[in-house]
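K.L.:
Have a look at this one.
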Amino acid sequence: MKITAVRTFIVPAQVTGDAWCRGKAWVLVKVETDGGISGWGEAYALHDRERSTAALVHELARYVDGMEPFRIKYFTTMAYEHFSEFQGGIDFFAAVSGIEIALWDIVGKALGVPVNKLLGGPCRDRVSVYANCWSHRARSAEELASYATAQVELGFRAVKIYPFCYSDDVDEGITRLVAVREALGSNIDILVDAWRVADIASIGKVSDALRRCGVEWFEDPIAPDNTELLAEIRQIARLPIVTGESFCTKREFRPLLEQRSVDILNPDITCCGILEIKEIAAMAEPYCASVAIHNYNTMAIGLAASLQVASVIPNFARIEFFNRFVEPSKLFSSHSYAVGDDGCIALGNEPGLGVSIDETVLRSFKFEPGLIRKWPQEILKALDFNRG
């Protein structure tokens with residue numbers, strides 16, 4: 001069986017937005033073979049760079065043209081060494097991941113087994129997920145508490161919120177956090193993401209509030225490349241620190257472990273791909289660090305790929321889940337994955353990723369770059385303040 005074609009499809013942001021938050025465009029990748037088996041992958045798409053990501057996928061297609069789809073590690077290695085010349089950025093690794101995930105899907109289908117059985121077999125048959133509550137608009141404490149409560153009512157046992165991202169007033173952020181805790185009670189895990197805009201002078205105050213509210217983890221207080229300062233924040237916070245969603249390789253994650261800057265690594269499935277995340281998790285094990293999979297992607301291919309690799313990682317924490325992306329994903333996909341009352345998703349036995357894609361629907365989407373991209377002034381103000 002040989003690869004004969006690589007195709008891309010862009011689902012526009014206006015399809016995936018709702019009343020709570022603006023949408024995000026998705027780049028889907030289809031790899032075809034002469035054996036009649038096709039695989040689907042997903043490439044991470046940064047804002048307003050969807051077309052450039054898709055273009056990179058097509059540039060990389062020559063590295064798999066005529067190749068046996070089983071040669072997955074060969075493809076990722078050759079792409080990094082010969083295409084990027086050891087200088088790949090996030091767009092490059094996203095494009096590689098889109099193809100790599102599709103190759104795993106093909107191999108699983110060809111052998112009639114789920115991808116997780118190709119990775120060593122599952123360590124668990126139910127995988128924990130958490131509900132992301134991000135909104136691009138500033139939300140009051142009452143609005144945020146209401147939205148988080150709605151996620152719990154759907155079965156989630158953990159939610160991630162961004163209480164400190166909408167203004168430079170730490171007390172206002174604490175008010176949002178307290179409102180969510182009071183609304184959810186003590187049995188639901190709360191994860192807090194600072195989105196890299198934490199005011200370093202307020203870390204102590206923020207950390208005290210996080211501990212009082214029983215927060216499970218503190219994500220991205222600053223950029224992950226500042227490992228020394230991040231290690232200091234970890235000591236001050238006395239909470240599990242999570243970071244790494246913009247990193248794509250073992251090489252980037254390694255300093256975080258060596259500097260003891262982090263407790264939980266947070267690679268994105270469509271930036272790193274399936275095999276790299278498995279290897280990142282193996283690298284983290286000797287440091288007693290775990291892996292939570294970042295998944296700001298479809299609740300179809302992105303979710304399915306995350307579930308496959310999460311199930312085989314011994315030191316796994318959680319997968320990110322965007323409930324507002326479920327209905328848009330259903331427009332072009334079908335699968336058996338659903339969140340249970342325990343906040344987990346059961347693994348399926350379908351071959352490959354276990355997702356079916358309606359290509360006709362994908363072809364009907366009209367992609368217009370630049371839509372739904374204007375940032376509200378309250379967020380821009382917060383970003384400018386904290387960067388200053």
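Residue names in the structure tokens use chain letters A, B, ... in the order shown, residue numbers from 1 in each chain, and ligand numbers from 1 in the order shown.
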Give me, as a tab-separated table, the closest atom pair and its distance (Å, one decimal) for every residue of segment 233-271 of chain A within a cut-off of 7 Å of segment 220-226 of chain A, counting only C-alpha atoms, rows sorted by chain and rising number.
P.N.:
residue	atom	partner	partner_atom	distance
A:Val242	CA	A:Asp220	CA	6.2
A:Thr243	CA	A:Asp220	CA	5.1
A:Gly244	CA	A:Pro224	CA	6.0
K.L.:
Save the residues we just selected, C-alpha atoms, as a compact mmCIF listing (two decimals), in the first residue's frame?
P.N.:
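Just written: again_2.txt:
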# COMPACT_ATOMS: atom_id res chain seq x y z
CA VAL A 242 1.21 23.49 33.85
CA THR A 243 2.73 24.82 30.62
CA GLY A 244 3.91 23.99 27.11
K.L.:
Return as JSON lines the residues of segment 275-366 of chain A lying at most 12 Å from segment 128-146 of chain A, together with the closest atom-to-atom pair for each and the distance in Å to one decimal, counting only C-alpha atoms, with rows in chain order and ascending residue number.
P.N.:
{"residue": "A:Ala292", "atom": "CA", "partner": "A:Val129", "partner_atom": "CA", "distance": 9.3}
{"residue": "A:Ile293", "atom": "CA", "partner": "A:Val129", "partner_atom": "CA", "distance": 9.3}
{"residue": "A:His294", "atom": "CA", "partner": "A:Asn132", "partner_atom": "CA", "distance": 10.3}
{"residue": "A:Asn295", "atom": "CA", "partner": "A:Asn132", "partner_atom": "CA", "distance": 9.7}
{"residue": "A:Tyr296", "atom": "CA", "partner": "A:Asn132", "partner_atom": "CA", "distance": 9.1}
{"residue": "A:Asn297", "atom": "CA", "partner": "A:Asn132", "partner_atom": "CA", "distance": 11.7}
{"residue": "A:Met299", "atom": "CA", "partner": "A:Val129", "partner_atom": "CA", "distance": 11.7}
{"residue": "A:Leu303", "atom": "CA", "partner": "A:Val129", "partner_atom": "CA", "distance": 10.0}
{"residue": "A:Ser306", "atom": "CA", "partner": "A:Val129", "partner_atom": "CA", "distance": 10.2}
{"residue": "A:Leu307", "atom": "CA", "partner": "A:Ser128", "partner_atom": "CA", "distance": 9.2}
{"residue": "A:Ala310", "atom": "CA", "partner": "A:Ser128", "partner_atom": "CA", "distance": 9.1}
{"residue": "A:Ser311", "atom": "CA", "partner": "A:Ser128", "partner_atom": "CA", "distance": 9.6}
{"residue": "A:Phe316", "atom": "CA", "partner": "A:Ser128", "partner_atom": "CA", "distance": 9.1}
{"residue": "A:Ala317", "atom": "CA", "partner": "A:Ser128", "partner_atom": "CA", "distance": 7.4}
{"residue": "A:Arg318", "atom": "CA", "partner": "A:Val129", "partner_atom": "CA", "distance": 5.2}
{"residue": "A:Ile319", "atom": "CA", "partner": "A:Val129", "partner_atom": "CA", "distance": 4.5}
{"residue": "A:Glu320", "atom": "CA", "partner": "A:Tyr130", "partner_atom": "CA", "distance": 5.3}
{"residue": "A:Phe321", "atom": "CA", "partner": "A:Ala131", "partner_atom": "CA", "distance": 5.1}
{"residue": "A:Phe322", "atom": "CA", "partner": "A:Asn132", "partner_atom": "CA", "distance": 5.4}
{"residue": "A:Asn323", "atom": "CA", "partner": "A:Ala131", "partner_atom": "CA", "distance": 6.7}
{"residue": "A:Arg324", "atom": "CA", "partner": "A:Asn132", "partner_atom": "CA", "distance": 9.1}
{"residue": "A:Phe325", "atom": "CA", "partner": "A:Asn132", "partner_atom": "CA", "distance": 10.5}
{"residue": "A:Val326", "atom": "CA", "partner": "A:Ala131", "partner_atom": "CA", "distance": 11.7}
{"residue": "A:Tyr337", "atom": "CA", "partner": "A:Val129", "partner_atom": "CA", "distance": 11.6}
{"residue": "A:Ala338", "atom": "CA", "partner": "A:Val129", "partner_atom": "CA", "distance": 10.5}
{"residue": "A:Val339", "atom": "CA", "partner": "A:Val129", "partner_atom": "CA", "distance": 7.9}
{"residue": "A:Gly340", "atom": "CA", "partner": "A:Ser128", "partner_atom": "CA", "distance": 9.6}
{"residue": "A:Asp341", "atom": "CA", "partner": "A:Ser128", "partner_atom": "CA", "distance": 11.0}
{"residue": "A:Asp342", "atom": "CA", "partner": "A:Ser128", "partner_atom": "CA", "distance": 8.3}
{"residue": "A:Gly343", "atom": "CA", "partner": "A:Ser128", "partner_atom": "CA", "distance": 6.0}
{"residue": "A:Cys344", "atom": "CA", "partner": "A:Ser128", "partner_atom": "CA", "distance": 4.3}
{"residue": "A:Ile345", "atom": "CA", "partner": "A:Ser128", "partner_atom": "CA", "distance": 6.5}
{"residue": "A:Ala346", "atom": "CA", "partner": "A:Ser128", "partner_atom": "CA", "distance": 9.1}
{"residue": "A:Leu347", "atom": "CA", "partner": "A:Ser128", "partner_atom": "CA", "distance": 10.9}
K.L.:
Identify, on the basis of only C-alpha atoms, every residue whose closest approach to Leu210 of chain A does not exceed 10 Å; exclude the query and any residue fewer than 3 positions from it along the same chain; express the result as a PyMOL selection string.
P.N.:
chain A and resi 174+177-178+190-192+204-207+213-218+237-239
K.L.:
How would the residues just picked look written out with N, CA and C atoms as a short mmCIF file (atom, residue, chain, number, x, y, z; two decimals), in the first residue's frame?
P.N.:
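So the final result, stored in out_5.cif, reads:
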data_model
loop_
_atom_site.label_atom_id
_atom_site.label_comp_id
_atom_site.auth_asym_id
_atom_site.auth_seq_id
_atom_site.Cartn_x
_atom_site.Cartn_y
_atom_site.Cartn_z
N ILE A 174 -9.94 37.49 41.47
CA ILE A 174 -10.22 36.62 42.63
C ILE A 174 -11.73 36.50 42.85
N LEU A 177 -13.00 33.94 40.50
CA LEU A 177 -12.60 32.61 40.94
C LEU A 177 -13.48 32.12 42.10
N VAL A 178 -13.69 32.98 43.08
CA VAL A 178 -14.49 32.61 44.25
C VAL A 178 -15.92 32.30 43.83
N ILE A 190 -11.19 22.70 39.77
CA ILE A 190 -11.05 23.95 39.03
C ILE A 190 -9.59 24.10 38.61
N LEU A 191 -9.38 24.34 37.34
CA LEU A 191 -8.06 24.60 36.78
C LEU A 191 -8.02 26.06 36.36
N VAL A 192 -6.95 26.75 36.68
CA VAL A 192 -6.84 28.18 36.36
C VAL A 192 -5.71 28.41 35.37
N GLY A 204 2.13 36.08 44.56
CA GLY A 204 1.87 35.60 45.91
C GLY A 204 0.40 35.72 46.28
N LYS A 205 -0.18 36.86 46.00
CA LYS A 205 -1.59 37.10 46.32
C LYS A 205 -2.49 36.17 45.52
N VAL A 206 -2.18 36.04 44.23
CA VAL A 206 -2.98 35.16 43.38
C VAL A 206 -2.87 33.71 43.85
N SER A 207 -1.66 33.29 44.17
CA SER A 207 -1.45 31.91 44.60
C SER A 207 -2.21 31.60 45.88
N CYS A 213 -9.14 28.43 47.27
CA CYS A 213 -10.26 27.93 46.48
C CYS A 213 -10.05 26.50 46.01
N GLY A 214 -8.99 25.87 46.46
CA GLY A 214 -8.75 24.48 46.13
C GLY A 214 -8.51 24.24 44.65
N VAL A 215 -7.80 25.16 44.02
CA VAL A 215 -7.52 25.03 42.58
C VAL A 215 -6.57 23.87 42.33
N GLU A 216 -6.85 23.10 41.29
CA GLU A 216 -6.10 21.89 40.99
C GLU A 216 -4.75 22.18 40.35
N TRP A 217 -4.72 23.18 39.42
CA TRP A 217 -3.44 23.53 38.79
C TRP A 217 -3.44 24.98 38.35
N PHE A 218 -2.23 25.52 38.17
CA PHE A 218 -2.00 26.90 37.75
C PHE A 218 -1.25 26.84 36.42
N ALA A 237 4.05 29.58 44.34
CA ALA A 237 2.65 29.18 44.19
C ALA A 237 2.29 27.97 45.04
N ARG A 238 3.24 27.05 45.16
CA ARG A 238 2.97 25.79 45.87
C ARG A 238 1.73 25.10 45.33
N LEU A 239 1.64 25.12 43.99
CA LEU A 239 0.58 24.47 43.25
C LEU A 239 1.19 23.81 42.02
#
K.L.:
Which one is closest to Lys24 of chain A: A:Thr298, A:Gln308, A:Ser356, A:Ser167? Count only C-alpha atoms.
P.N.:
A:Thr298
K.L.:
Looking only at the backbone, which of the residues in segment 42-146 of chain A does DSSP tag as strand (DSSP E), as a list in words?
P.N.:
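Across segment 42-146 of chain A, those assigned strand (DSSP E) are Glu42, Ala43, Arg126, Val127, Ser128, Val129, Tyr130, Ala131 and Asn132 of chain A.
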K.L.:
Go ahead and write the residues just picked, C-alpha atoms, as a short mmCIF file (atom, residue, chain, number, x, y, z; two decimals), in the first residue's frame.
P.N.:
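This is the output file selection_37.cif:
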data_model
loop_
_atom_site.label_atom_id
_atom_site.label_comp_id
_atom_site.auth_asym_id
_atom_site.auth_seq_id
_atom_site.Cartn_x
_atom_site.Cartn_y
_atom_site.Cartn_z
CA GLU A 42 -5.62 17.71 11.95
CA ALA A 43 -3.02 20.47 11.88
CA ARG A 126 -11.71 5.64 30.29
CA VAL A 127 -9.90 8.93 29.76
CA SER A 128 -10.42 12.02 31.94
CA VAL A 129 -11.30 15.30 30.22
CA TYR A 130 -11.93 18.84 31.46
CA ALA A 131 -14.23 21.54 30.12
CA ASN A 132 -12.58 24.71 28.84
#
